[in-house]
Amino acid sequence: MAIERTLSIIKPDATKRNLTGKINAKFEDAGLRIIAQKRIQLTKDQAGEFYAVHKERPFYDELCEFMASAPVVAQVLEGEGAIAKNREVMGATNPADAEAGTIRAEFAESVGENSVHGSDAPDTAADEIAYFFSGLELVG
Ligand code: CMP
């Protein structure tokens, strides 16, 4: 399987509860390497731009408010099949449907406050990584 890179975001509900290290351990235990990472405070407009694909969804405004409500940790994960592997480690979007042992099963509070985001495909991974990081910041 090819080595891939994917964008991960540790969301405000998790940074507020000081879960960054516990979530990073899940990635590393699964063989994903954190090759870039920064803690930042998004504005609501920046969150809206990142999630523009969801603009027409009823939860869009709530999602943007939430993502700007506290710091997030943006990171790039690298590894074999990293996009799918990260989605396995995260678990289903709704924590009620997430498999035991996944990040969302263990830590997420609700479908909206679900602790982590991960890119869903190679083209979105490339766009999402470029939203947060320059090439110089990716140290594999
Ligand atoms: P994420 O993987 O970051 O991609 C889009 C986000 O929208 C998703 O995780 C959830 O946090 C959020 N989301 C999806 N469905 C709902 C919903 N029904 N209500 C509130 N937020 C949602």
# chains A, B, ... in the order shown; residues from 1 in each chain; ligands from 1
call {"tool": "residues_near_ligand", "arguments": {"ligand": "ligand 1", "cutoff": "10 Å", "atoms": "only C-alpha atoms and all ligand atoms", "output": "JSON, numbers by chain"}}
result
{"A": [8, 9, 10, 11, 50, 51, 53, 54, 57, 58, 59, 60, 61, 62, 63, 64, 66, 67, 87, 90, 91, 92, 93, 94, 108, 110, 111, 112, 113, 114, 115, 116, 117, 118, 119, 120]}
call {"tool": "residues_around", "arguments": {"residues": "Ala36 in chain A", "least_positions_apart": "6", "cutoff": "9 Å", "atoms": "only C-alpha atoms", "output": "short mmCIF file (atom, residue, chain, number, x, y, z; two decimals) with all heavy atoms, in the first residue's frame"}}
result
data_model
loop_
_atom_site.label_atom_id
_atom_site.label_comp_id
_atom_site.auth_asym_id
_atom_site.auth_seq_id
_atom_site.Cartn_x
_atom_site.Cartn_y
_atom_site.Cartn_z
N ALA A 74 -3.98 21.25 14.53
CA ALA A 74 -3.96 20.77 13.15
C ALA A 74 -2.69 19.96 12.98
O ALA A 74 -1.62 20.34 13.48
CB ALA A 74 -3.96 21.95 12.18
N GLN A 75 -2.81 18.84 12.28
CA GLN A 75 -1.63 17.98 12.14
C GLN A 75 -1.70 17.21 10.82
O GLN A 75 -2.76 17.02 10.25
CB GLN A 75 -1.53 17.02 13.34
CG GLN A 75 -2.82 16.37 13.71
CD GLN A 75 -2.85 15.66 15.08
OE1 GLN A 75 -3.79 14.94 15.32
NE2 GLN A 75 -1.88 15.84 15.92
N VAL A 76 -0.52 16.79 10.38
CA VAL A 76 -0.44 15.94 9.20
C VAL A 76 0.07 14.57 9.65
O VAL A 76 1.09 14.48 10.34
CB VAL A 76 0.51 16.54 8.13
CG1 VAL A 76 0.60 15.61 6.92
CG2 VAL A 76 0.01 17.91 7.70
N LEU A 77 -0.69 13.54 9.29
CA LEU A 77 -0.32 12.16 9.63
C LEU A 77 0.17 11.47 8.37
O LEU A 77 -0.45 11.61 7.31
CB LEU A 77 -1.55 11.42 10.18
CG LEU A 77 -2.30 12.09 11.34
CD1 LEU A 77 -3.50 11.24 11.75
CD2 LEU A 77 -1.38 12.35 12.52
N PHE A 133 -0.83 24.12 6.26
CA PHE A 133 0.63 23.98 6.31
C PHE A 133 1.27 24.33 4.96
O PHE A 133 0.72 24.01 3.90
CB PHE A 133 1.01 22.54 6.65
CG PHE A 133 0.58 22.10 8.03
CD1 PHE A 133 -0.61 21.39 8.22
CD2 PHE A 133 1.36 22.41 9.15
CE1 PHE A 133 -1.02 21.00 9.49
CE2 PHE A 133 0.95 22.02 10.42
CZ PHE A 133 -0.23 21.31 10.59
N GLU A 137 6.85 23.03 6.19
CA GLU A 137 6.48 22.61 7.55
C GLU A 137 6.24 21.10 7.65
O GLU A 137 5.97 20.60 8.74
CB GLU A 137 5.22 23.36 8.00
CG GLU A 137 5.44 24.83 8.19
CD GLU A 137 4.15 25.57 8.51
OE1 GLU A 137 3.20 25.51 7.71
OE2 GLU A 137 4.10 26.21 9.58
N LEU A 138 6.28 20.39 6.53
CA LEU A 138 6.03 18.94 6.54
C LEU A 138 7.38 18.24 6.60
O LEU A 138 8.14 18.26 5.64
CB LEU A 138 5.26 18.53 5.28
CG LEU A 138 3.98 19.32 5.00
CD1 LEU A 138 3.34 18.84 3.72
CD2 LEU A 138 2.99 19.21 6.16
N VAL A 139 7.64 17.64 7.75
CA VAL A 139 8.96 17.04 7.97
C VAL A 139 8.79 15.54 8.20
O VAL A 139 8.57 15.09 9.32
CB VAL A 139 9.68 17.71 9.17
CG1 VAL A 139 11.09 17.16 9.29
CG2 VAL A 139 9.70 19.22 8.99
N GLY A 140 8.82 14.80 7.10
CA GLY A 140 8.55 13.36 7.18
C GLY A 140 9.77 12.55 7.60
O GLY A 140 10.84 13.09 7.81
#
call {"tool": "residues_around", "arguments": {"residues": "Ser69 in chain A", "least_positions_apart": "2", "cutoff": "9 Å", "atoms": "only C-alpha atoms", "output": "list in words"}}
result
Pro12, Asp13, Gln41, Leu42, Thr43, Lys44, Cys64, Glu65, Phe66, Met67 and Pro71 of chain A
call {"tool": "write_last_selection", "arguments": {"atoms": "C-alpha atoms", "output": "PDB file, in the first residue's frame"}}
result
ATOM      1  CA  PRO A  12     -12.054  22.160  20.623  1.00  0.00           C
ATOM      2  CA  ASP A  13     -13.982  19.648  22.762  1.00  0.00           C
ATOM      3  CA  GLN A  41      -7.194  29.412  17.375  1.00  0.00           C
ATOM      4  CA  LEU A  42      -9.417  29.524  14.276  1.00  0.00           C
ATOM      5  CA  THR A  43     -11.767  32.412  13.621  1.00  0.00           C
ATOM      6  CA  LYS A  44     -15.334  31.529  12.669  1.00  0.00           C
ATOM      7  CA  CYS A  64     -18.185  26.871  12.493  1.00  0.00           C
ATOM      8  CA  GLU A  65     -19.032  28.364  15.935  1.00  0.00           C
ATOM      9  CA  PHE A  66     -17.795  25.206  17.620  1.00  0.00           C
ATOM     10  CA  MET A  67     -14.523  25.037  15.657  1.00  0.00           C
ATOM     11  CA  PRO A  71      -7.921  26.090  20.132  1.00  0.00           C
TER      12      PRO A  71
END
call {"tool": "closest_residue", "arguments": {"among": "A:Glu106, A:Glu4, A:Asp45, A:Glu99", "to": "Pro122 in chain A", "atoms": "only C-alpha atoms"}}
result
A:Glu4
call {"tool": "closest_residue", "arguments": {"among": "A:Phe107, A:Glu78, A:Met1, A:Ala96", "to": "Gln37 in chain A", "atoms": "only C-alpha atoms"}}
result
A:Glu78
call {"tool": "residues_around", "arguments": {"residues": "Lys22 in chain A", "least_positions_apart": "5", "cutoff": "10 Å", "atoms": "only C-alpha atoms", "output": "PyMOL selection string"}}
result
chain A and resi 14+27+103+107
call {"tool": "select_by_dssp", "arguments": {"residues": "chain A", "states": "strand (DSSP E or B)", "output": "mmCIF file with N, CA and C atoms, in the first residue's frame"}}
result
data_model
loop_
_atom_site.group_PDB
_atom_site.id
_atom_site.type_symbol
_atom_site.label_atom_id
_atom_site.label_comp_id
_atom_site.auth_asym_id
_atom_site.auth_seq_id
_atom_site.Cartn_x
_atom_site.Cartn_y
_atom_site.Cartn_z
ATOM 1 N N ILE A 3 2.407 5.001 0.689
ATOM 2 C CA ILE A 3 2.531 5.948 1.801
ATOM 3 C C ILE A 3 1.706 7.185 1.451
ATOM 4 N N GLU A 4 0.814 7.567 2.361
ATOM 5 C CA GLU A 4 -0.053 8.737 2.149
ATOM 6 C C GLU A 4 0.126 9.737 3.293
ATOM 7 N N ARG A 5 -0.394 10.934 3.036
ATOM 8 C CA ARG A 5 -0.492 11.959 4.081
ATOM 9 C C ARG A 5 -1.948 12.383 4.192
ATOM 10 N N THR A 6 -2.378 12.657 5.414
ATOM 11 C CA THR A 6 -3.753 13.086 5.617
ATOM 12 C C THR A 6 -3.792 14.192 6.660
ATOM 13 N N LEU A 7 -4.802 15.074 6.549
ATOM 14 C CA LEU A 7 -4.947 16.132 7.558
ATOM 15 C C LEU A 7 -5.820 15.635 8.699
ATOM 16 N N SER A 8 -5.358 15.899 9.909
ATOM 17 C CA SER A 8 -6.121 15.608 11.113
ATOM 18 C C SER A 8 -6.304 16.907 11.881
ATOM 19 N N ILE A 9 -7.465 17.061 12.520
ATOM 20 C CA ILE A 9 -7.664 18.187 13.443
ATOM 21 C C ILE A 9 -8.177 17.628 14.764
ATOM 22 N N ILE A 10 -7.486 17.961 15.833
ATOM 23 C CA ILE A 10 -8.013 17.667 17.174
ATOM 24 C C ILE A 10 -8.873 18.873 17.549
ATOM 25 N N ARG A 33 2.484 8.470 11.629
ATOM 26 C CA ARG A 33 3.564 9.355 12.087
ATOM 27 C C ARG A 33 3.065 10.797 11.992
ATOM 28 N N ILE A 34 3.219 11.566 13.078
ATOM 29 C CA ILE A 34 2.800 12.977 13.069
ATOM 30 C C ILE A 34 3.965 13.783 12.497
ATOM 31 N N ILE A 35 3.831 14.218 11.234
ATOM 32 C CA ILE A 35 4.977 14.874 10.575
ATOM 33 C C ILE A 35 4.846 16.399 10.572
ATOM 34 N N ALA A 36 3.718 16.916 11.081
ATOM 35 C CA ALA A 36 3.551 18.359 11.271
ATOM 36 C C ALA A 36 2.428 18.533 12.275
ATOM 37 N N GLN A 37 2.551 19.567 13.102
ATOM 38 C CA GLN A 37 1.506 19.775 14.115
ATOM 39 C C GLN A 37 1.561 21.212 14.611
ATOM 40 N N LYS A 38 0.389 21.866 14.707
ATOM 41 C CA LYS A 38 0.361 23.175 15.365
ATOM 42 C C LYS A 38 -0.976 23.416 16.049
ATOM 43 N N ARG A 39 -0.891 24.088 17.194
ATOM 44 C CA ARG A 39 -2.101 24.437 17.960
ATOM 45 C C ARG A 39 -2.459 25.861 17.572
ATOM 46 N N ILE A 40 -3.675 26.040 17.093
ATOM 47 C CA ILE A 40 -4.083 27.368 16.631
ATOM 48 C C ILE A 40 -5.520 27.666 17.051
ATOM 49 N N VAL A 72 -7.596 24.529 18.334
ATOM 50 C CA VAL A 72 -7.564 23.206 17.694
ATOM 51 C C VAL A 72 -6.088 22.844 17.482
ATOM 52 N N VAL A 73 -5.827 21.562 17.283
ATOM 53 C CA VAL A 73 -4.482 21.121 16.904
ATOM 54 C C VAL A 73 -4.592 20.538 15.495
ATOM 55 N N ALA A 74 -3.983 21.255 14.534
ATOM 56 C CA ALA A 74 -3.962 20.767 13.149
ATOM 57 C C ALA A 74 -2.689 19.958 12.976
ATOM 58 N N GLN A 75 -2.814 18.837 12.281
ATOM 59 C CA GLN A 75 -1.635 17.976 12.144
ATOM 60 C C GLN A 75 -1.695 17.206 10.824
ATOM 61 N N VAL A 76 -0.524 16.791 10.380
ATOM 62 C CA VAL A 76 -0.439 15.939 9.198
ATOM 63 C C VAL A 76 0.065 14.574 9.647
ATOM 64 N N LEU A 77 -0.690 13.542 9.291
ATOM 65 C CA LEU A 77 -0.324 12.162 9.634
ATOM 66 C C LEU A 77 0.166 11.475 8.371
ATOM 67 N N GLU A 78 1.230 10.712 8.509
ATOM 68 C CA GLU A 78 1.814 10.019 7.360
ATOM 69 C C GLU A 78 1.921 8.530 7.672
ATOM 70 N N GLY A 79 1.679 7.707 6.664
ATOM 71 C CA GLY A 79 1.850 6.263 6.839
ATOM 72 C C GLY A 79 1.227 5.506 5.679
ATOM 73 N N GLU A 80 1.368 4.192 5.716
ATOM 74 C CA GLU A 80 0.758 3.360 4.666
ATOM 75 C C GLU A 80 -0.755 3.483 4.754
ATOM 76 N N VAL A 116 -12.301 14.819 16.698
ATOM 77 C CA VAL A 116 -11.295 14.813 15.624
ATOM 78 C C VAL A 116 -11.954 14.952 14.251
ATOM 79 N N HIS A 117 -11.176 15.507 13.333
ATOM 80 C CA HIS A 117 -11.533 15.518 11.911
ATOM 81 C C HIS A 117 -10.424 14.801 11.154
ATOM 82 N N GLY A 118 -10.769 14.093 10.089
ATOM 83 C CA GLY A 118 -9.755 13.497 9.215
ATOM 84 C C GLY A 118 -10.200 13.592 7.771
#
call {"tool": "residues_around", "arguments": {"residues": "Pro95 in chain A", "least_positions_apart": "3", "cutoff": "6 Å", "atoms": "only C-alpha atoms", "output": "list in words"}}
result
Ala98, Arg104, Ala105 and Ala108 of chain A
call {"tool": "select_by_dssp", "arguments": {"residues": "chain A", "states": "alpha helix (DSSP H)", "output": "ChimeraX atom specification"}}
result
/A:12-16,20-29,44-50,60-67,82-90,103-107,122-132
call {"tool": "closest_residue", "arguments": {"among": "A:Ile23, A:Leu136, A:Asn18, A:Ala121", "to": "Ala82 in chain A", "atoms": "only C-alpha atoms"}}
result
A:Ala121
call {"tool": "atom_distance", "arguments": {"atom1": "CA of Glu56 in chain A", "atom2": "CA of Thr124 in chain A"}}
result
18.3 Å
call {"tool": "atom_distance", "arguments": {"atom1": "CA of Ala68 in chain A", "atom2": "CA of Ala47 in chain A"}}
result
6.7 Å
